[in-house]
Amino acid sequence: MNFANQWNYFVALGPQAILTVFAIGILLIGVNRQEENTNSTCWNLGWIALMGVLSATIMNGILYTVVKPSYQGIVAVDGYSILANWVLLIGLAMAILISVGYVDRQRLQAPEYFCLLLFSTIGLMLMTASLDLILIFIGLEIASISVYALAAIDQRSPRGAEAGLKYFLLGAFSTGIFLYGVALIYGATSSVNLLGIEAAVAAGTSSPAMLLTGVIMLAVGFCFKVSVVPFHMWTPDVYQGAPLPITGYMSVAIKVGAFLTFFRVFGVYLDGLHESWSGVFWWLAVITMISGNLIALTQNNIKRLLAYSGIAHSGYLLITLQANNPTSESGLLFYLTVYSLANLGLFAGMIFVANQGETKVEIDNYAGLGVKYPFVALSLTLFLFSLAGFPGTGGFIGKVLILRGALEEHYIGLSLTLVLGTLISYWYYLRIAWFMWMKDPANDPLHDTSSTSGVPVMLRVVLIFAFVLIIYTGLFPSQWIDLMEAVTLTV
């Protein structure tokens, strides 16, 4: 694609442009509405947001079938970015579906809520397609500011306000470090374009000390976004304080967008400095896997448990960056896909158990769920098994691919740590399943599983969709693996 013609940027960024139009449209509808949030307003805006996702998905499919890979200008048009768009769009659609009933019941500001969800995804999609550090920064800020606001969107919740403020302050700090790193890399290589930086590193014309310092600061910014220890401090409190659908969205979308951008920058264009940063990443991966799983063992609040679980999963995914070969990259893509499905499916079940609220988020509240709502309990059990990496689920295949990639590069220590972390995680994942199937429900009405007569349609759709794909990717993974291998950037 020739970017000498500026209109080609609109084609390359077509899905982002479509989502932008729908996001602005939703906001304008909210501004011009004549009455306060009503049931119909919330559902109508939810349907409009889903139409935007569908339109962006169609445009993304057109890009995949028509446009040849291009690495000119500041935007990459390749299978990697297009697949990233699909994963993010699926995650966004699932987040909207689990949000509509919650937003309506909690009387949140529906126009602002759905607009910010779309803008957050736009920023993440922009990041994954960027070939320029400044554009990555812009995408990062679009996504981050949207999520800061979403975390605190329930103005009646003190925990939500605390979560938004903590995320904002720590996020601003990490953003400053990231941007300072960009400035140092520009000073060392005279370029913020990833192709120019790669050429300067290969030619040896860069200033080594300045470049390495900039790369370290860049890594700190990415590690904060994906919750790598010791840059994870914000994660448990923000997960606990944010509304349930936003916690689910954050746990998936931010991880997908940041990790895929992380891999493009470090695994491809800064690979010439692999020896300089690989030792640090090795230790970060080990510490993150072990500490995330160990701390999760002590949690009784399921949102905090999943926060520490997500930290451990960041450690698993960091192995792919360390190994940096086609097998580990396809493992990264596959794992992020099935992780997104399992996590958002899990949050759909959690929202049902909490009766579209925030009161029933302790593990005790899941006692007897298998008796009263067997389908919900069965779905949640499958999602937990996938996150734990049980055979027959997509999560197992993802971990096998990551393990194979690490063993191909002879990272025995990382491989053993991944296995050990997985074994530790069995305890807290199976503990939730045990409560659902083996423990009698409490007589206390506060511990009643749900006051509804059945599973809402939107939540049921998400549960069935995630259930089917987790089983399919676990039993018939070859087509998915072939797709991931076809879009890998590493050779």
# chains A, B, ... in the order shown; residues from 1 in each chain; ligands from 1
$ closest_atom_pairs --of "region 305-364 of chain A" --to "region 70-94 of chain A" --cutoff "10 Å" --atoms "only C-alpha atoms" --output "CSV"
residue,atom,partner,partner_atom,distance
A:Leu333,CA,A:Ala84,CA,8.2
A:Leu336,CA,A:Val87,CA,8.2
A:Thr337,CA,A:Val87,CA,6.2
A:Val338,CA,A:Val87,CA,9.5
A:Ser340,CA,A:Gly91,CA,6.5
A:Leu341,CA,A:Gly91,CA,7.5
A:Asn343,CA,A:Gly91,CA,9.8
A:Leu344,CA,A:Met94,CA,6.9
A:Gly345,CA,A:Met94,CA,8.2
A:Ala348,CA,A:Met94,CA,8.7
$ closest_atom_pairs --of "region 173-240 of chain A" --to "region 260-273 of chain A" --cutoff "7 Å" --atoms "only C-alpha atoms" --output "CSV"
residue,atom,partner,partner_atom,distance
A:Leu194,CA,A:Tyr269,CA,6.1
A:Leu195,CA,A:Tyr269,CA,6.9
A:Glu198,CA,A:Tyr269,CA,5.1
A:Val201,CA,A:Gly272,CA,6.5
A:Ala202,CA,A:Gly272,CA,6.6
A:Phe222,CA,A:Phe262,CA,6.5
$ closest_atom_pairs --of "region 350-412 of chain A" --to "region 235-244 of chain A" --cutoff "9 Å" --atoms "only C-alpha atoms" --output "Markdown table"
| residue | atom | partner | partner_atom | distance |
| --- | --- | --- | --- | --- |
| A:Met350 | CA | A:Leu244 | CA | 7.9 |
| A:Ile351 | CA | A:Leu244 | CA | 6.6 |
| A:Gln356 | CA | A:Leu244 | CA | 8.5 |
| A:Gly357 | CA | A:Leu244 | CA | 7.8 |
| A:Glu358 | CA | A:Leu244 | CA | 7.1 |
$ atom_distance --atom1 "CA of Ser328 (chain A)" --atom2 "CA of Ile142 (chain A)"
28.9 Å
$ select_by_dssp --residues "region 327-481 of chain A" --states "alpha helix (DSSP H)" --output "VMD selection string"
chain A and resid 327 to 353 369 to 372 374 to 388 394 to 408 412 to 438 457 to 475 478 to 481
$ closest_residue --among "A:Phe10, A:Trp43, A:Phe390, A:Tyr411" --to "Asn324 (chain A)" --atoms "only C-alpha atoms"
A:Tyr411
$ closest_residue --among "A:Ala17, A:Ile62, A:Ile29, A:Leu387" --to "Pro111 (chain A)" --atoms "only C-alpha atoms"
A:Ile29
$ residues_around --residues "Tyr339 (chain A)" --least-positions-apart "6" --cutoff "10 Å" --atoms "only C-alpha atoms" --output "PDB file with C-alpha atoms, in the first residue's frame"
ATOM      1  CA  SER A 251      -8.322  -7.885  31.954  1.00  0.00           C
ATOM      2  CA  VAL A 252      -8.540  -8.817  28.281  1.00  0.00           C
ATOM      3  CA  LYS A 255      -3.423  -7.209  27.841  1.00  0.00           C
ATOM      4  CA  VAL A 256      -4.071  -8.078  24.179  1.00  0.00           C
ATOM      5  CA  GLY A 310      -3.925 -12.158  35.265  1.00  0.00           C
ATOM      6  CA  HIS A 313      -0.664 -15.024  32.892  1.00  0.00           C
ATOM      7  CA  LEU A 333      -1.497 -15.012  19.456  1.00  0.00           C
ATOM      8  CA  GLY A 345     -16.983 -15.722  29.561  1.00  0.00           C
ATOM      9  CA  PHE A 383     -13.453 -21.295  31.621  1.00  0.00           C
ATOM     10  CA  SER A 386      -9.008 -23.267  30.318  1.00  0.00           C
ATOM     11  CA  LEU A 387      -7.274 -20.581  32.383  1.00  0.00           C
ATOM     12  CA  GLY A 394      -7.915 -23.880  24.348  1.00  0.00           C
ATOM     13  CA  GLY A 395      -5.850 -22.734  27.320  1.00  0.00           C
ATOM     14  CA  GLY A 398      -1.847 -22.149  24.264  1.00  0.00           C
ATOM     15  CA  ILE A 470     -12.947 -22.876  24.130  1.00  0.00           C
TER      16      ILE A 470
END
$ residues_around --residues "Leu116 (chain A)" --least-positions-apart "3" --cutoff "12 Å" --atoms "only C-alpha atoms" --output "PyMOL selection string"
chain A and resi 19-20+22-24+26-27+49+92+96+109-113+119-123+142-153+246+249
$ residues_around --residues "Ala486 (chain A)" --least-positions-apart "4" --cutoff "10 Å" --atoms "only C-alpha atoms" --output "list of chain:residue names"
A:Gly79, A:Tyr80, A:Pro326, A:Ser330, A:Trp480, A:Ile481, A:Asp482
